[in-house]
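**Student:** One file is attached below, protein13.txt, containing compact mmCIF, C-alpha atoms and all ligand atoms.
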# COMPACT_ATOMS: atom_id res chain seq x y z
CA MET A 1 7.08 13.22 3.18
CA GLN A 2 5.86 10.13 5.04
CA ARG A 3 2.14 10.44 4.48
CA LEU A 4 1.34 7.70 6.98
CA TYR A 5 3.78 8.82 9.66
CA ARG A 6 2.81 7.13 12.97
CA LYS A 7 -0.53 5.95 11.55
CA ARG A 8 -1.57 2.60 13.02
CA ILE A 9 -2.80 0.22 10.36
CA VAL A 10 -4.30 -3.18 11.12
CA LEU A 11 -3.78 -5.19 7.94
CA GLY A 12 -6.16 -8.13 7.56
CA VAL A 13 -4.99 -10.82 5.16
CA GLY A 14 -7.69 -13.08 3.70
CA GLY A 15 -7.34 -16.39 1.92
CA GLY A 16 -6.74 -15.57 -1.73
CA ILE A 17 -3.81 -15.92 -4.09
CA ALA A 18 -3.30 -12.12 -3.91
CA ALA A 19 -2.15 -12.67 -0.30
CA TYR A 20 1.37 -12.87 -1.73
CA LYS A 21 1.08 -9.12 -2.43
CA SER A 22 0.43 -8.46 1.27
CA ALA A 23 4.13 -8.85 2.03
CA GLU A 24 4.94 -5.98 -0.32
CA LEU A 25 2.00 -4.01 1.06
CA VAL A 26 3.39 -4.21 4.61
CA ARG A 27 6.67 -2.81 3.30
CA ARG A 28 4.99 0.02 1.40
CA LEU A 29 2.85 1.00 4.38
CA ARG A 30 5.94 1.08 6.59
CA ASP A 31 7.89 3.06 3.95
CA HIS A 32 5.14 5.68 4.23
CA GLY A 33 5.71 5.77 8.00
CA ALA A 34 2.86 3.56 9.24
CA GLU A 35 2.98 1.08 12.10
CA VAL A 36 1.45 -2.18 10.91
CA ARG A 37 -0.10 -5.07 12.84
CA VAL A 38 -1.18 -8.05 10.76
CA VAL A 39 -4.25 -10.22 11.37
CA MET A 40 -4.56 -13.34 9.19
CA THR A 41 -7.55 -15.52 8.52
CA GLN A 42 -7.17 -19.29 8.42
CA GLY A 43 -7.35 -19.09 4.63
CA GLY A 44 -4.70 -16.36 4.46
CA ARG A 45 -2.26 -18.66 6.23
CA GLU A 46 -2.61 -21.19 3.40
CA PHE A 47 -1.13 -18.68 0.96
CA ILE A 48 1.58 -16.86 2.93
CA THR A 49 3.24 -17.68 6.23
CA PRO A 50 2.72 -15.58 9.35
CA LEU A 51 6.50 -15.63 9.78
CA THR A 52 6.98 -13.62 6.57
CA LEU A 53 4.51 -10.97 7.69
CA GLN A 54 5.92 -10.96 11.21
CA ALA A 55 9.41 -10.30 9.85
CA LEU A 56 8.18 -7.50 7.58
CA SER A 57 5.87 -5.81 10.09
CA GLY A 58 8.25 -6.26 13.01
CA HIS A 59 5.44 -7.60 15.21
CA PRO A 60 3.85 -10.99 15.93
CA VAL A 61 1.00 -11.78 13.57
CA HIS A 62 -2.44 -12.15 15.15
CA LEU A 63 -4.14 -15.37 14.17
CA ASP A 64 -6.84 -16.67 16.50
CA LEU A 65 -9.75 -15.15 18.32
CA LEU A 66 -9.66 -17.70 21.11
CA ASP A 67 -5.94 -17.66 21.82
CA PRO A 68 -5.41 -16.94 25.54
CA ALA A 69 -1.79 -15.86 25.01
CA ALA A 70 -2.72 -13.40 22.25
CA GLU A 71 -5.68 -12.06 24.22
CA ALA A 72 -3.41 -11.46 27.21
CA ALA A 73 -1.05 -9.39 25.04
CA MET A 74 -3.07 -7.48 22.41
CA GLY A 75 -6.51 -9.00 22.14
CA HIS A 76 -9.21 -8.20 19.64
CA ILE A 77 -10.55 -5.18 21.54
CA GLU A 78 -7.09 -3.68 21.98
CA LEU A 79 -6.35 -4.22 18.29
CA ALA A 80 -9.66 -2.63 17.36
CA ARG A 81 -8.90 0.39 19.55
CA TRP A 82 -5.28 0.59 18.47
CA ALA A 83 -6.15 0.92 14.79
CA ASP A 84 -6.33 4.25 13.00
CA LEU A 85 -7.55 2.27 9.99
CA VAL A 86 -8.28 -1.39 9.25
CA LEU A 87 -7.32 -2.46 5.73
CA ILE A 88 -8.24 -5.93 4.50
CA ALA A 89 -6.11 -6.99 1.54
CA PRO A 90 -6.93 -9.31 -0.03
CA ALA A 91 -10.65 -9.22 0.79
CA THR A 92 -12.11 -12.41 -0.64
CA ALA A 93 -15.73 -12.90 -1.68
CA ASP A 94 -16.27 -14.94 1.48
CA LEU A 95 -14.82 -12.21 3.72
CA MET A 96 -16.96 -9.57 2.02
CA ALA A 97 -20.05 -11.73 2.55
CA ARG A 98 -19.27 -12.29 6.21
CA LEU A 99 -18.55 -8.59 6.80
CA ALA A 100 -21.75 -7.60 4.98
CA GLN A 101 -23.70 -9.85 7.33
CA GLY A 102 -21.87 -8.63 10.44
CA VAL A 103 -20.60 -12.14 11.14
CA ALA A 104 -17.81 -12.26 13.72
CA ASN A 105 -16.57 -15.82 13.61
CA ASP A 106 -12.82 -15.21 13.51
CA LEU A 107 -10.35 -12.63 14.78
CA LEU A 108 -10.39 -10.40 11.69
CA THR A 109 -14.18 -10.09 11.37
CA THR A 110 -14.41 -9.51 15.13
CA VAL A 111 -11.86 -6.67 14.97
CA VAL A 112 -13.87 -5.06 12.16
CA LEU A 113 -17.04 -5.14 14.25
CA ALA A 114 -15.25 -3.86 17.35
CA THR A 115 -13.36 -0.96 15.80
CA ASN A 116 -14.37 2.69 15.55
CA ALA A 117 -11.66 3.25 12.96
CA PRO A 118 -12.39 3.47 9.23
CA VAL A 119 -12.39 0.11 7.45
CA ALA A 120 -11.21 -0.37 3.86
CA LEU A 121 -11.27 -3.48 1.69
CA ALA A 122 -9.11 -4.37 -1.29
CA PRO A 123 -11.25 -7.01 -3.03
CA ALA A 124 -9.43 -9.80 -4.87
CA MET A 125 -11.24 -12.66 -6.56
CA ASN A 126 -12.05 -14.32 -9.86
CA GLN A 127 -13.90 -12.00 -12.28
CA ALA A 128 -17.04 -14.19 -12.29
CA MET A 129 -17.15 -14.19 -8.49
CA TRP A 130 -16.80 -10.40 -8.47
CA ALA A 131 -19.58 -10.01 -11.05
CA ASP A 132 -21.91 -12.37 -9.19
CA PRO A 133 -25.05 -10.56 -7.92
CA ALA A 134 -24.40 -11.85 -4.40
CA THR A 135 -20.97 -10.22 -4.29
CA GLN A 136 -22.34 -7.02 -5.84
CA ALA A 137 -25.11 -6.91 -3.25
CA ASN A 138 -22.51 -7.36 -0.49
CA ARG A 139 -20.44 -4.59 -2.05
CA GLU A 140 -23.45 -2.22 -1.95
CA GLN A 141 -24.20 -3.21 1.61
CA LEU A 142 -20.62 -2.57 2.74
CA LEU A 143 -20.43 0.81 0.95
CA SER A 144 -23.72 1.88 2.53
CA ARG A 145 -22.17 1.26 5.95
CA GLY A 146 -19.24 3.56 5.17
CA ILE A 147 -16.74 0.80 4.46
CA ARG A 148 -14.40 1.89 1.68
CA LEU A 149 -13.44 -0.27 -1.27
CA PHE A 150 -10.08 0.15 -2.99
CA GLY A 151 -10.43 -1.51 -6.38
CA PRO A 152 -10.57 -4.15 -7.59
CA GLY A 153 -8.60 -3.54 -10.75
CA SER A 154 -9.05 -5.21 -14.08
CA GLY A 155 -6.63 -7.43 -16.02
CA SER A 156 -5.33 -10.96 -16.29
CA GLN A 157 -5.97 -13.12 -13.26
CA ALA A 158 -4.03 -15.94 -11.59
CA CYS A 159 -6.71 -18.41 -12.75
CA GLY A 160 -6.22 -17.41 -16.41
CA ASP A 161 -9.39 -15.30 -16.71
CA ILE A 162 -9.32 -11.66 -17.73
CA GLY A 163 -11.57 -9.10 -16.05
CA MET A 164 -12.41 -7.21 -12.84
CA GLY A 165 -11.19 -8.75 -9.61
CA ARG A 166 -7.45 -8.11 -9.41
CA MET A 167 -6.22 -6.68 -6.12
CA LEU A 168 -4.63 -3.24 -6.57
CA GLU A 169 -0.85 -3.08 -6.37
CA ALA A 170 0.79 -2.44 -2.99
CA GLU A 171 1.84 1.15 -3.74
CA GLU A 172 -1.64 2.05 -5.03
CA LEU A 173 -3.14 0.65 -1.84
CA ALA A 174 -0.67 2.49 0.39
CA ARG A 175 -1.56 5.76 -1.39
CA ALA A 176 -5.29 5.05 -1.08
CA VAL A 177 -4.81 4.48 2.65
CA ALA A 178 -2.94 7.80 2.97
CA ASP A 179 -5.75 9.57 1.06
CA CYS A 180 -8.25 8.37 3.70
CA PHE A 181 -6.60 10.65 6.23
CA GLU A 182 -6.70 13.74 3.98
CA THR A 183 -10.26 15.03 4.25
CA GLY A 184 -9.81 18.63 3.05
CA MET A 185 -12.62 19.68 5.43
CA LEU A 186 -10.69 22.68 6.71
CA THR A 187 -8.95 23.83 3.54
CA GLY A 188 -8.26 27.57 3.67
CA LYS A 189 -8.83 27.82 7.44
CA HIS A 190 -6.29 28.84 10.07
CA LEU A 191 -6.38 26.74 13.25
CA LEU A 192 -4.61 27.77 16.41
CA ILE A 193 -4.04 24.86 18.79
CA THR A 194 -2.49 24.91 22.25
CA ALA A 195 -0.87 21.77 23.66
CA GLY A 196 1.19 20.40 26.51
CA PRO A 197 1.80 21.73 29.99
CA THR A 198 3.16 25.09 31.04
CA GLN A 199 6.06 25.51 33.47
CA GLU A 200 6.04 28.25 36.08
CA ASN A 201 9.42 28.99 37.57
CA ILE A 202 10.03 29.04 41.33
CA ASP A 203 13.75 29.73 41.05
CA PRO A 204 16.39 29.05 38.36
CA VAL A 205 16.24 25.26 38.95
CA ARG A 206 12.65 24.51 40.03
CA TYR A 207 9.25 24.96 38.49
CA ILE A 208 5.58 24.01 38.85
CA THR A 209 4.02 21.98 36.05
CA ASN A 210 1.58 19.11 35.39
CA HIS A 211 1.46 15.71 33.67
CA SER A 212 0.38 16.81 30.19
CA SER A 213 2.51 15.13 27.50
CA GLY A 214 1.14 17.16 24.58
CA LYS A 215 -0.05 13.99 22.81
CA MET A 216 -3.68 15.12 22.53
CA GLY A 217 -2.83 18.60 21.25
CA PHE A 218 -0.24 17.30 18.78
CA ALA A 219 -2.70 14.68 17.48
CA LEU A 220 -5.23 17.48 16.93
CA ALA A 221 -2.64 19.54 15.06
CA GLU A 222 -1.82 16.58 12.84
CA ALA A 223 -5.50 15.86 12.16
CA ALA A 224 -6.19 19.53 11.39
CA ALA A 225 -3.28 19.66 8.93
CA GLU A 226 -4.59 16.50 7.26
CA ALA A 227 -7.97 18.22 7.01
CA GLY A 228 -6.26 20.91 4.93
CA ALA A 229 -5.99 23.67 7.56
CA ARG A 230 -3.03 25.97 8.12
CA VAL A 231 -2.10 25.03 11.66
CA THR A 232 -0.24 27.00 14.32
CA LEU A 233 0.61 24.82 17.31
CA VAL A 234 1.64 26.66 20.46
CA THR A 235 3.10 24.14 22.86
CA GLY A 236 4.55 24.01 26.32
CA PRO A 237 7.65 21.88 26.96
CA VAL A 238 7.07 18.38 25.53
CA PHE A 239 9.14 15.63 23.90
CA LEU A 240 7.22 15.14 20.67
CA PRO A 241 8.15 15.57 17.00
CA THR A 242 6.37 18.32 15.08
CA PRO A 243 3.66 16.96 12.77
CA ASP A 244 4.14 17.60 9.05
CA ARG A 245 2.80 20.92 7.71
CA VAL A 246 2.36 22.37 11.20
CA GLN A 247 3.94 25.60 12.38
CA ARG A 248 5.15 24.96 15.92
CA ILE A 249 5.88 27.64 18.50
CA ASP A 250 7.54 26.49 21.73
CA VAL A 251 6.77 28.33 24.94
CA VAL A 252 7.37 27.73 28.63
CA SER A 253 4.97 29.64 30.86
CA ALA A 254 1.27 30.50 30.64
CA ARG A 255 2.13 34.12 29.96
CA ASP A 256 4.47 33.07 27.11
CA MET A 257 1.67 30.90 25.73
CA LEU A 258 -0.79 33.79 25.77
CA ALA A 259 1.71 36.09 24.03
CA ALA A 260 2.42 33.46 21.33
CA CYS A 261 -1.29 32.87 20.76
CA GLU A 262 -2.02 36.59 20.51
CA ALA A 263 0.82 36.95 18.00
CA ALA A 264 -0.64 34.07 15.94
CA MET A 265 -4.09 35.68 15.73
CA PRO A 266 -6.31 36.03 13.77
CA CYS A 267 -7.44 32.45 13.37
CA ASP A 268 -10.70 30.81 12.36
CA ILE A 269 -10.78 28.11 15.02
CA LEU A 270 -9.01 27.91 18.38
CA ILE A 271 -8.62 24.53 20.08
CA ALA A 272 -7.17 24.82 23.57
CA ALA A 273 -5.88 21.40 24.59
CA ALA A 274 -3.03 22.72 26.75
CA ALA A 275 -3.03 22.11 30.48
CA VAL A 276 -2.19 25.65 31.53
CA ALA A 277 -1.06 26.42 35.08
CA ASP A 278 -3.77 28.49 36.72
CA TYR A 279 -1.28 29.99 39.18
CA ARG A 280 2.40 30.95 39.21
CA PRO A 281 4.73 31.98 42.03
CA GLU A 282 4.36 35.71 42.59
CA VAL A 283 8.12 36.15 42.76
CA VAL A 284 10.69 34.05 40.94
CA ALA A 285 13.75 33.81 43.19
CA PRO A 286 16.85 35.06 41.31
CA HIS A 287 19.00 32.33 42.90
CA LYS A 288 18.37 28.74 43.92
CA LEU A 289 16.32 28.74 47.11
CA LYS A 290 18.26 27.38 50.08
CA LYS A 291 16.85 25.51 53.04
CA ASP A 292 16.14 28.24 55.55
CA PRO A 293 16.36 27.09 59.20
CA SER A 294 14.23 30.06 60.29
CA THR A 295 11.17 28.67 58.38
CA GLY A 296 11.45 25.21 59.98
CA ASP A 297 10.32 22.29 57.72
CA GLY A 298 7.97 24.39 55.58
CA LEU A 299 8.26 26.69 52.60
CA LEU A 300 5.47 29.09 51.78
CA LEU A 301 5.05 30.10 48.14
CA GLN A 302 2.80 33.05 47.39
CA MET A 303 0.95 32.29 44.12
CA VAL A 304 -0.89 34.63 41.75
CA ARG A 305 -3.41 33.88 39.00
CA ASN A 306 -2.19 33.38 35.46
CA PRO A 307 -4.11 34.93 32.58
CA ASP A 308 -6.74 32.64 31.04
CA ILE A 309 -5.59 32.22 27.44
CA LEU A 310 -8.80 30.72 26.14
CA ALA A 311 -11.09 33.24 27.84
CA THR A 312 -8.86 36.10 26.66
CA LEU A 313 -9.00 35.00 23.00
CA ALA A 314 -12.73 34.22 23.24
CA GLY A 315 -13.28 37.80 24.44
CA ARG A 316 -11.60 39.49 21.48
CA THR A 317 -13.52 41.36 18.82
CA ASP A 318 -12.00 39.06 16.18
CA ARG A 319 -13.07 36.08 18.28
CA PRO A 320 -12.46 32.69 16.59
CA PHE A 321 -14.72 29.63 16.94
CA CYS A 322 -13.55 28.53 20.39
CA VAL A 323 -13.12 24.94 21.56
CA GLY A 324 -11.88 24.29 25.08
CA PHE A 325 -10.91 21.13 26.91
CA ALA A 326 -11.91 20.37 30.49
CA ALA A 327 -9.74 17.88 32.35
CA GLU A 328 -11.70 16.80 35.42
CA THR A 329 -11.47 14.09 38.06
CA GLU A 330 -15.09 14.42 39.27
CA ASN A 331 -18.44 15.89 38.13
CA LEU A 332 -17.03 15.83 34.61
CA LEU A 333 -19.98 17.06 32.56
CA GLU A 334 -21.20 19.59 35.11
CA TYR A 335 -17.78 21.23 35.48
CA ALA A 336 -17.16 21.13 31.74
CA ALA A 337 -20.50 22.80 31.00
CA ARG A 338 -19.67 25.51 33.54
CA LYS A 339 -16.34 26.21 31.81
CA LEU A 340 -18.12 26.42 28.45
CA ARG A 341 -20.35 29.18 29.87
CA ASP A 342 -17.72 30.99 31.93
CA LYS A 343 -15.18 31.15 29.11
CA ASN A 344 -17.73 31.93 26.37
CA LEU A 345 -16.90 28.87 24.26
CA ASP A 346 -18.64 27.23 21.32
CA LEU A 347 -17.71 23.68 22.33
CA ILE A 348 -15.96 22.03 25.23
CA VAL A 349 -14.31 18.62 25.23
CA ALA A 350 -14.77 16.91 28.60
CA ASN A 351 -11.87 14.65 29.50
CA ASP A 352 -12.08 12.32 32.51
CA VAL A 353 -8.48 12.35 33.75
CA ALA A 354 -9.27 10.23 36.83
CA ASN A 355 -9.03 7.21 34.51
CA PRO A 356 -5.28 6.75 33.78
CA SER A 357 -5.92 4.92 30.49
CA ILE A 358 -7.54 8.01 28.93
CA GLY A 359 -5.98 11.01 30.59
CA PHE A 360 -2.61 12.66 30.89
CA ASN A 361 0.19 11.01 28.94
CA SER A 362 -1.96 8.04 27.89
CA GLU A 363 -2.05 6.66 24.35
CA ASP A 364 -5.86 6.57 24.29
CA ASN A 365 -8.60 9.01 25.10
CA ALA A 366 -12.39 8.98 25.42
CA VAL A 367 -14.26 12.27 25.54
CA SER A 368 -17.65 13.97 25.47
CA VAL A 369 -18.18 17.19 23.56
CA ILE A 370 -20.74 19.62 24.98
CA ASP A 371 -22.19 22.46 22.93
CA ARG A 372 -23.95 25.68 23.96
CA GLN A 373 -27.32 23.89 23.96
CA GLN A 374 -25.89 21.38 26.47
CA HIS A 375 -26.05 18.56 23.90
CA GLU A 376 -23.47 15.91 24.59
CA THR A 377 -21.71 13.89 21.86
CA ARG A 378 -19.64 10.95 23.04
CA PHE A 379 -16.43 9.67 21.46
CA GLY A 380 -15.58 6.21 22.84
CA GLN A 381 -12.13 5.02 23.82
CA ALA A 382 -9.64 4.98 20.95
CA SER A 383 -6.11 6.20 20.21
CA LYS A 384 -5.56 9.94 20.60
CA GLY A 385 -4.92 10.08 16.83
CA HIS A 386 -8.31 8.54 16.15
CA ILE A 387 -10.09 10.77 18.69
CA ALA A 388 -8.34 13.81 17.22
CA ARG A 389 -9.52 13.04 13.67
CA ALA A 390 -13.09 12.47 14.90
CA LEU A 391 -12.98 15.73 16.91
CA VAL A 392 -11.58 17.74 14.00
CA ALA A 393 -14.34 16.42 11.72
CA PHE A 394 -16.96 17.25 14.36
CA ILE A 395 -15.52 20.73 15.01
CA ALA A 396 -15.33 21.44 11.25
CA GLU A 397 -19.04 20.57 10.90
CA ARG A 398 -20.05 22.77 13.82
CA TYR A 399 -17.82 25.60 12.64
CA LYS A 400 -19.49 25.52 9.21
CA GLU A 401 -22.95 25.66 10.84
CA SER A 402 -21.96 28.62 13.08
O1 LIG B 1 -1.27 16.25 26.83
P1 LIG B 1 -1.82 14.87 27.10
O2 LIG B 1 -0.92 14.06 28.01
O3 LIG B 1 -2.15 14.15 25.83
O4 LIG B 1 -3.20 15.03 27.91
C1 LIG B 1 -4.27 15.66 27.29
C2 LIG B 1 -5.01 16.60 28.27
C3 LIG B 1 -5.61 15.78 29.40
C4 LIG B 1 -4.05 17.63 28.84
C5 LIG B 1 -6.08 17.33 27.41
O5 LIG B 1 -6.93 16.38 26.81
C6 LIG B 1 -6.92 18.28 28.27
O6 LIG B 1 -7.92 17.89 28.85
N1 LIG B 1 -6.49 19.58 28.31
C7 LIG B 1 -7.08 20.61 29.16
C8 LIG B 1 -6.50 20.46 30.51
C9 LIG B 1 -6.94 21.46 31.54
O7 LIG B 1 -6.13 21.77 32.35
O8 LIG B 1 -8.12 21.95 31.45
P2 LIG B 1 -8.70 23.10 32.47
O9 LIG B 1 -9.97 22.55 32.93
O10 LIG B 1 -7.75 23.54 33.50
O11 LIG B 1 -8.89 24.34 31.50
C10 LIG B 1 -10.05 24.52 30.71
C11 LIG B 1 -9.67 25.10 29.38
O12 LIG B 1 -9.11 26.40 29.54
C12 LIG B 1 -8.62 24.31 28.62
O13 LIG B 1 -8.97 24.35 27.26
C13 LIG B 1 -7.33 25.04 28.89
O14 LIG B 1 -6.39 24.92 27.80
C14 LIG B 1 -7.81 26.48 29.00
N2 LIG B 1 -7.02 27.32 29.91
C15 LIG B 1 -6.96 27.02 31.24
C16 LIG B 1 -6.26 27.85 32.09
C17 LIG B 1 -5.61 28.99 31.56
N3 LIG B 1 -4.92 29.79 32.32
N4 LIG B 1 -5.67 29.24 30.24
C18 LIG B 1 -6.37 28.44 29.41
O15 LIG B 1 -6.42 28.68 28.19
The structure in this file should be written as structure tokens.
**Tutor:**
Amino acid sequence: MQRLYRKRIVLGVGGGIAAYKSAELVRRLRDHGAEVRVVMTQGGREFITPLTLQALSGHPVHLDLLDPAAEAAMGHIELARWADLVLIAPATADLMARLAQGVANDLLTTVVLATNAPVALAPAMNQAMWADPATQANREQLLSRGIRLFGPGSGSQACGDIGMGRMLEAEELARAVADCFETGMLTGKHLLITAGPTQENIDPVRYITNHSSGKMGFALAEAAAEAGARVTLVTGPVFLPTPDRVQRIDVVSARDMLAACEAAMPCDILIAAAAVADYRPEVVAPHKLKKDPSTGDGLLLQMVRNPDILATLAGRTDRPFCVGFAAETENLLEYAARKLRDKNLDLIVANDVANPSIGFNSEDNAVSVIDRQQHETRFGQASKGHIARALVAFIAERYKES
């Protein structure tokens, strides 16, 4: 199993002798399925060449904050948003001190400040530098801000000393990174998630659908599985691989989706991320419709309402904790709050699909979650994987309180 399948890791390489291990680390992360982008400090470049890390990661290495060419391609904000996790290995005493102070005087420290993703450090330094009260105070400060520390380990050091300060080995670090995504928050729970569009047939060759790619729903399924849940993912037609440990059920129409969801019940939590067609043609023509001269240039299709899957499941006696999505192009929060009430939901995720960078088929999303008390919690723009993990953690908390 590739525990880091499709995870986006920004690897920061600081200026210490352990930087030579970063080459192996890139390979291990990629072996576990991760996509890796490398950011090097000036010091890191003294120990290992960017070319080595470019060849191993398969992508140009990011070096300078004030590089117009780099900023035009993937600048510090894009890198910060792209990351599912930022790992700094090796993290020198100087880097730890700068991060503890919130200094942003190079590309790597700026990415750390700009990211919403978890940040982890693999300290590597001489044992006396590690033991120094200044470094220990920085360590405490970083931990108190939620930054994770992997290691350091103990043993013989490049300088000849023996003690704490060795960077962990590449495989240990890759496993520690994978563990960050496994929260166990939903262990023992069954989550039912809908994703993708539905297709409503007009005739044997035509149908009505929408632009949903399934990316948001699939990211939620992956995050829920990582949180330890048993996940049933009911999806309309999409071109996405099934996340590990997820039971996938493929459907076509809204009525198929409802039937599959009802068959998958009971569940503890329902997350409805699918973009379900509200209407379908009343009659599906048995043969391909031909141009009919008697109707002139027009074609009239009589449409009928589809069942509302979310409202139907929220109305059952074995009702799960219900989370809906609201894709809107105007009056986002008002319309979302109305759907929360009308469909009897616990939470609704408001999704502004007028903005193409965070809507249908985009890589990123940015959402607001509204609860029954009309409280709004905002999740800023980040990859759909990152948003999904944040939403699953939020939903798990609210579910436990309910
Ligand atoms: O798939 P992607 O390309 O990644 O895009 C993600 C997304 C934009 C599709 C997703 O984030 C999203 O917002 N999904 C809901 C889209 C939508 O059509 O919402 P709605 O406002 O029509 O429906 C409100 C809620 O009721 C949704 O949870 C929907 O799944 C559910 N619904 C709607 C109609 C219906 N007949 N049955 C339902 O269950």
**Student:** Please indicate the distance in Å from CA of Gly214 in chain A to CA of Val86 in chain A, rounded to one decimal place.
**Tutor:**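 Distance reported for this atom pair: 25.8 Å.
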**Student:** How many Å lie between CA of Asp244 in chain A and CA of Ser402 in chain A, rounded to one decimal?
**Tutor:**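 It comes out at 28.6 Å.
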**Student:** Per residue of chain A within 7 Å of ligand LIG 1 (chain B), record the nearest atom pair and its distance in Å to one decimal, counting all atoms listed in the file, with rows in chain order and ascending residue number, as a tab-separated table.
**Tutor:**
residue	atom	partner	partner_atom	distance
A:Thr194	CA	B:LIG1	O14	6.8
A:Ala195	CA	B:LIG1	O1	6.4
A:Gly196	CA	B:LIG1	O1	4.8
A:His211	CA	B:LIG1	O2	6.4
A:Ser212	CA	B:LIG1	O2	3.7
A:Ser213	CA	B:LIG1	O2	3.6
A:Gly214	CA	B:LIG1	O1	3.4
A:Lys215	CA	B:LIG1	O3	3.7
A:Met216	CA	B:LIG1	O3	3.8
A:Gly217	CA	B:LIG1	O1	6.3
A:Ala254	CA	B:LIG1	N3	6.5
A:Ala272	CA	B:LIG1	O13	4.1
A:Ala273	CA	B:LIG1	N1	4.2
A:Ala274	CA	B:LIG1	O14	4.2
A:Ala275	CA	B:LIG1	O7	3.6
A:Val276	CA	B:LIG1	C16	4.7
A:Ala277	CA	B:LIG1	N3	5.8
A:Asp278	CA	B:LIG1	N3	4.7
A:Asn306	CA	B:LIG1	N3	5.5
A:Pro307	CA	B:LIG1	N3	5.2
A:Asp308	CA	B:LIG1	N3	3.6
A:Ile309	CA	B:LIG1	O15	3.7
A:Leu310	CA	B:LIG1	O15	3.7
A:Ala311	CA	B:LIG1	O15	6.5
A:Gly324	CA	B:LIG1	O13	3.6
A:Phe325	CA	B:LIG1	O13	3.8
A:Ala326	CA	B:LIG1	O9	3.8
A:Ala327	CA	B:LIG1	O6	3.9
A:Glu328	CA	B:LIG1	O9	6.5
A:Lys339	CA	B:LIG1	C10	6.6
A:Ala350	CA	B:LIG1	O6	6.9
A:Asn351	CA	B:LIG1	O6	5.2
A:Val353	CA	B:LIG1	C3	6.2
A:Gly359	CA	B:LIG1	C3	4.9
A:Phe360	CA	B:LIG1	O2	3.6
A:Asn361	CA	B:LIG1	O2	3.4
A:Ser362	CA	B:LIG1	O2	6.1
**Student:** What is the CA of Ala174 in chain A-CA of Thr232 in chain A distance in Å, reported with one decimal?
**Tutor:**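 Between CA of Ala174 in chain A and CA of Thr232 in chain A the gap is 28.2 Å.
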**Student:** For a quick check of understanding, using all atoms listed in the file, which of A:Pro237, A:Gly15, A:Gly380, A:Pro266 has the smallest distance to Ala114 in chain A?
**Tutor:** A:Gly380
**Student:** With distances taken over all atoms listed in the file, which residue among A:Ala354, A:Ile48, A:Ala336, A:Met167 lies nearest Tyr20 in chain A?
**Tutor:**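 Ranking A:Ala354, A:Ile48, A:Ala336, A:Met167 by distance to Tyr20 in chain A, first place goes to A:Ile48.
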